[in-house]
Structures are given as C-alpha cells and as structure tokens.
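Chemist: Please find one structure pasted underneath; my questions will follow.
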Amino acid sequence: LTSKLKDASLVTDKTLVGTEWVSASESGKTFEVTNPSTGEVIATLPDLGKVEVARAIDAAYIAQKAWAKKTGKERAAVLRKLFDLMVANADDLATILTMEMGKPWPEARGEILYGASYVEWFGEEAKRVYGDTIPGHQADKRIIVIKQPVGVVGAITPWNFPNAMLARKMAPAIAVGCAMVSKPAAQTPLSALALAILAERAGVPAGVFSVLTSTDAAMVGQELCANDKVRKLTFTGSTNVGKILMRQGADQILKLGLELGGNAPFIVFDDADLDAAVEGAMISKYRNAGQTCVCANRLYVQANVYDAFAKKLAERVGKMKVGDGFAEGVTTGPLIDKNALKKVEEHVADAVSKGAKVELGGKPAPQGGLFFEPTILTGVTPDMRVSTEETFGPVAPLFKFETEEQVIELANNTEFGLASYFYSKDVAKIFRVAEALEYGMVGINTGLISTETAPFGGIKQSGLGREGSKYGIDDYTEIKYMCLGGI
Ligand code: ADP
C-alpha cells in the first residue's frame, strides 16, 4: 500500500488513543485489514480493549474543556486547515480507501472531497453558533439563550464510506467545541487513521479526537454508552445495532444521533423523462456497488413505461465494468465481505423462486472473489425479500405499478424512512408525492441528494438527528437559558 502513496506517512500501524499513538494494545491482540478485491492483507493493527476505550474517554474529557474555551474563529481555522490538507492529499486518501474498501478509485476520490466538504462547511459554521435573546416575562427579567458543546461524543462508523461518515461527525463536533472518541468499522480503519493524522497536522489538540481500532464493536459500544463522561453517541450503521445502542444508552439518557438503514423507493411515473430517470437510477442504485444507505432499493415503474425503462436501464447497466477499484474504467468494485455477497445471492434466489425474471446479471461475476454482476430483476412483487430488506448490492428490482395512490402506499409500506426518489414533470404531482412520501429525504428528478449544505437523515426506524447543513450543528450543542432578574 505505501508504495502507491505520495506520502507514505498517511498509513500507520498505530492507533490514536487519547493523546497517544499506540502500537500495541494492552492485551497484545492484533487484527488484519484486507483488500476485498484481492484478499491480500494490507495492514495489521492493535485490537483495543476496554482499558484503551476508557483511556481515550478520559483524555477526551480533559481535552474538551480547553477546546471549548477557544473561540469559534480559532476552531474554524483548524478545520479550514484540515479541509485544505484533505484536498491536498485527496489522491492518497482515495488510494487508502480503495485499498481497504474496494470502491473504484475515482469514486473513492469523490468520497474524500465529499468528506472534506463537511469539514469546510462546519468550520465555517463554527463562527455562527448563535443564541437568542427573548423578551422577559416580567418587567425586571431578561432571558438569554446560549448554545454550548455537548461535551465528549462517541462515534461509531461503518465501512461503506470510511472517510465521509466519520468526517461528517467529527467536523461538527470539533467545530462547536466537543471532543470525539471514534471507532471505525474493523474492515476499514485506515481511512479513519489517515484522517486522524491530518487532523493532528491541522492543529486539532491531543485528546480531542481519538480513533480506536477494535474488532470488538459490541464492547466499544457498551463502554461508550456506560461511561458517564460520554454525553452523546453518534452512530451510522444498521438499524439493529442502532436499537442495541439506544437500549444501552437508556441508563444514562444518552443523547443519540443515529443514521440507520434505508429501503429507498425510486419511482418512475409515466410522464417522466426516461433518460434522466435511467441516469438517476444508475447513480442511486449502482454507486458503491449498491452499498449505500440511500441506494434505491425498490424501483417502481408505472405500467406504461415499464418495458421501455427496463430496456434503457439494461443498455446502461450492460456497459458497467466489474473489477478491482484501481483498474481503468471499473464502475463496480467487490462487495465488502462474504456475508454481503451471500445476502445479495439469497435476495436474487428468493426473488427468482417467487417468479422474478433476471434481465441482466444475477450471479457472482466471473472473476470470483467478492464480485457480483450488476443485476436487473423484472416482474418483482411485494412478497419478495428485495421488497422489505435492504439488499446492499448491485441489484435493481423493478416493480410495476398502476396509480399514484398505489405507489405511494407501496413506497411508504416499510419501517424505514431515509431516502426516496421519484421522476415526474408534473408540478402538482411533484408537490403531492414529495409531501406524501414518509422519508427524511426526497430526490425529485435526481438520483444524487447528498451534500454538506442539506440536512441528511431519516425518520421512522432510519434514525434520529440530521447531519450537514445549519441543522447539523444542533446535534452537537445543548441549549442553555439564563434568566437575569433584578433589572
Ligand atoms: P454494517 O451492516 O454496515 O456492517 P453494522 O451496524 O453492523 O452495519 O456496523 C456499523 C458499525 O457498527 C461498525 O463500526 C461496526 O463495527 C459497529 N457495530 C457492530 N455491532 C455493534 C454493537 N453491538 N455495538 C456497537 N457497535 C457495533
């Protein structure tokens, strides 16, 4: 890996526990990070235990107090520097990301710039954490509202966006004066460690940001929930783990930010621009080999345009290239691990056994390993697993629908409520449908909705809180009101 980098020091075999880079855990345990495209081991890291989690929290608790005393402008300057470093090192950060996660290198580079955009945005917002003054309720009283950092924040992040999912948590936390103890997914810790290296270079003080590498996610989750120095936990991952963390946090009334699973509907009405809809489906369904929480999971196409849409989509998907993320022209990398591959195979087999037709793909790709062919299924019905579960793979199941009313009911018939998409040119319908969809985010005539300037997040079992935008700051601040009497 290091031979591929301009700056080899962005890869480390140490992990950042509080104020110290640690090369071995107290237990002496280690774990390996592999490249999912080749199966090669690319790094061996300390497998941390309870002692180290507690140490990182203690260090964060001390460091946070001093960090919170800095002005917004001072913290903004540090984040601006981190943003500049991320952009300057984007090629190397993308290489590290593709190596540990498998996504095509250009997509990985896009993720780095996307992650950096949150650092830039929240650095700017650091100066604008405004309070309020409220007219007093009695003649001699004045009311002042201020916003203060919540304190030490725990963060647990997934493997599908190893840089951006962490960057968009650490940036607002650090911007407002919190400290963060993070645990990246064990599959993809190197991107998080590289971010910590750059954060240190940018001037984030020791202890303010920790990256704990561990294969014992449940233990780290328990420690973060049980330690009363931790005031908030922010998590991106599965709904099941989100529920565990919510239960665990109950004893402390722990504040939670949860970005959980989705089951995004992607609706194509018969008045839609079909070419644009196909383009949107390509981005929303097949990006990152279908492994994003906002990926279109169910494609509903109105009966009149069903065949035409399926044909156009197949033409585009047929041109996709599966392979190693470093190879020229590759659009689809491997799935993250064997379980992921198994789930995709099972979803396709289940659909086929219940009458769906494989229009394209439908099986592991010829190169074997963790690669799966971009797939289109037609004749899909609500009784199939692809309809109720997140597939997290490059499989587009096409459902046929007749009316607007029917498709809204189908689209909302899920416990999830993260992203949704639809294509139509009718202005009145656009408002009706957008307002009727029970989702935190609605893409209208677009398949790409993620940006640091908008509030990302879900309703129902897709989560709590929002990341990005002016609203994203609120997740890391507490409101305090001062009542001044005797005036
Ligand atoms: P995914 O399907 O994306 O792997 P997970 O929710 O299992 O979804 O993983 C997301 C993150 O949650 C990872 O960092 C993982 O290590 C962590 N994780 C898994 N199980 C637990 C748990 N019981 N408590 C806390 N974190 C967990």
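Labeling convention for the structure tokens: chains A, B, ... as they appear, residues from 1 per chain, ligands from 1 in order of appearance.
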Could the residues that lie within 6 Å of ligand 1, counting only C-alpha atoms and all ligand atoms, be listed as number ranges by chain?

Modeler: A: 156-158, 184-186, 217-218, 221, 237-238, 241

Chemist: Would you mind listing what lies within 12 Å of A:Val220 as a PyMOL selection string, with only C-alpha atoms counted and same-chain residues fewer than 4 positions away left out?

Modeler: chain A and resi 47-54+56-57+154-157+181-186+211-216+224-227+233+245+248

Chemist: My list of candidates is A:Val204, A:Leu258, A:Ile146, A:Leu93. Which is closest to A:Phe235 when distances are computed with only C-alpha atoms?

Modeler: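 Looking only at the distances to A:Phe235, the closest residue turns out to be A:Leu258.
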
Chemist: Which polymer residues have any atom within 8 Å of an atom of A:Gly151, counting only C-alpha atoms, with same-chain residues fewer than 6 positions away left out, as a list in words?

Modeler: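 Listing them by chain and then by number gives Tyr61, Gln64, Gly177, Cys178, Ala179, Val230, Arg231 and Lys232 of chain A.
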
Chemist: Please give the complete set of residues from stretch 173-373 of chain A that DSSP, run on the backbone, assigns to helix (DSSP H, G or I), formatted as number ranges by chain.

Modeler: A: 173-176, 189-202, 217-226, 239-252, 274-290, 303-317, 338-353

Chemist: Given only C-alpha atoms, how would the per-residue table for stretch 11-129 of chain A near stretch 354-369 of chain A read, listing every residue at most 10 Å away with its closest atom pair and distance in Å to one decimal, sorted by chain and number, as a tab-separated table?

Modeler:
residue	atom	partner	partner_atom	distance
A:Pro36	CA	A:Gly369	CA	8.2
A:Ser37	CA	A:Gly369	CA	7.3
A:Thr38	CA	A:Gly369	CA	7.6
A:Gly39	CA	A:Gly369	CA	8.1

Chemist: Take the residues from that selection and write them out as an mmCIF file, in the first residue's frame, keeping N, CA and C atoms.

Modeler:
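Result file is again.cif:
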data_model
loop_
_atom_site.group_PDB
_atom_site.id
_atom_site.type_symbol
_atom_site.label_atom_id
_atom_site.label_comp_id
_atom_site.auth_asym_id
_atom_site.auth_seq_id
_atom_site.Cartn_x
_atom_site.Cartn_y
_atom_site.Cartn_z
ATOM 1 N N PRO A 36 -10.515 -6.096 -0.167
ATOM 2 C CA PRO A 36 -11.599 -7.000 -0.590
ATOM 3 C C PRO A 36 -11.518 -7.397 -2.070
ATOM 4 N N SER A 37 -10.744 -6.654 -2.870
ATOM 5 C CA SER A 37 -10.602 -7.033 -4.274
ATOM 6 C C SER A 37 -9.684 -8.225 -4.454
ATOM 7 N N THR A 38 -8.675 -8.324 -3.581
ATOM 8 C CA THR A 38 -7.655 -9.358 -3.782
ATOM 9 C C THR A 38 -7.550 -10.335 -2.620
ATOM 10 N N GLY A 39 -8.100 -9.977 -1.479
ATOM 11 C CA GLY A 39 -7.965 -10.816 -0.298
ATOM 12 C C GLY A 39 -6.625 -10.623 0.412
#

Chemist: List the neighbours of stretch 310-312 of chain A out to 12 Å using only C-alpha atoms; skip same-chain residues closer than 6 positions along the sequence, and give me the result as a PyMOL selection string.

Modeler: chain A and resi 268+273-279+281-282+299-304+318-319+357-360+375-379+396-400

Chemist: Pick the closest to A:Ile479 from A:Val395, A:Val317, A:Ile144, A:Ile42: which is it, counting only C-alpha atoms?

Modeler: A:Ile144

Chemist: Which neighbours of A:Ala340 fall inside 9 Å, counting only C-alpha atoms, when residues of the same chain fewer than 4 positions from it are skipped, and could you give them as a tab-separated table (two decimals) with C-alpha atoms, in the first residue's frame?

Modeler:
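Full text of part-v8.tsv as output:
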chain	number	residue	atom	x	y	z
A	335	LEU	CA	-18.79	-6.36	-2.06
A	336	ILE	CA	-17.28	-5.81	1.35
A	344	VAL	CA	-27.17	-10.50	-2.37
A	345	GLU	CA	-27.19	-14.07	-3.74
A	370	LEU	CA	-16.41	-10.89	-3.69
A	391	THR	CA	-30.12	-5.65	-0.36
A	392	PHE	CA	-26.90	-3.58	-0.19
A	393	GLY	CA	-25.67	-4.86	-3.54

Chemist: Go through A:Lys73, A:Val322, A:Asp271, A:Glu478 one by one, measure the shortest atom-to-atom distance of each to A:Glu404 using only C-alpha atoms, and give the residue with the smallest value.

Modeler: A:Asp271

Chemist: Go through A:Ala194, A:Met180, A:Leu418, A:Val330 one by one, measure the shortest atom-to-atom distance of each to A:Asn297 using only C-alpha atoms, and give the residue with the smallest value.

Modeler: A:Leu418

Chemist: Fewer than 6 positions away in the same chain doesn't count, so skip those; otherwise give me all residues within 6 Å of stretch 466-476 of chain A, counting only C-alpha atoms, as a list in words.

Modeler: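 Near neighbours after the sequence-gap exclusion: Pro149, Val150, Pro172, Ala173, Glu452, Thr453, Ala454, Pro455, Phe456 and Gly457 of chain A.
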
Chemist: Output C-alpha atoms of each residue in that selection to a file, as a compact mmCIF listing (two decimals), in the first residue's frame.

Modeler:
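Final output, selection_5.txt:
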# COMPACT_ATOMS: atom_id res chain seq x y z
CA PRO A 149 -20.95 21.93 23.16
CA VAL A 150 -22.48 18.69 24.48
CA PRO A 172 -19.45 19.47 13.56
CA ALA A 173 -18.33 18.02 16.90
CA GLU A 452 -22.93 19.08 3.09
CA THR A 453 -25.33 22.00 2.63
CA ALA A 454 -28.50 19.94 3.23
CA PRO A 455 -29.79 18.03 6.29
CA PHE A 456 -29.10 14.32 5.78
CA GLY A 457 -31.14 11.92 7.91

Chemist: Expressed in Å to a single decimal, how great is the separation between atom CA of A:Leu260 and atom CA of A:Gly440?

Modeler: 11.8 Å

Chemist: Find the residues near A:Thr239: any atom within 12 Å, counting only C-alpha atoms, skip ones fewer than 2 places away on the same chain, and give them as a PyMOL selection string.

Modeler: chain A and resi 235-237+241-246+258-263+293+389-390+415-418+458-464

Chemist: So which bits of stretch 177-243 of chain A end up strand (DSSP E or B) when you DSSP the backbone, as a VMD selection string?

Modeler: chain A and resid 179 to 183 209 to 211 230 to 236

Chemist: What gap, in Å, lies between atom CA of A:Asp228 and atom CA of A:Phe31?

Modeler: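 It comes out at 29.0 Å.
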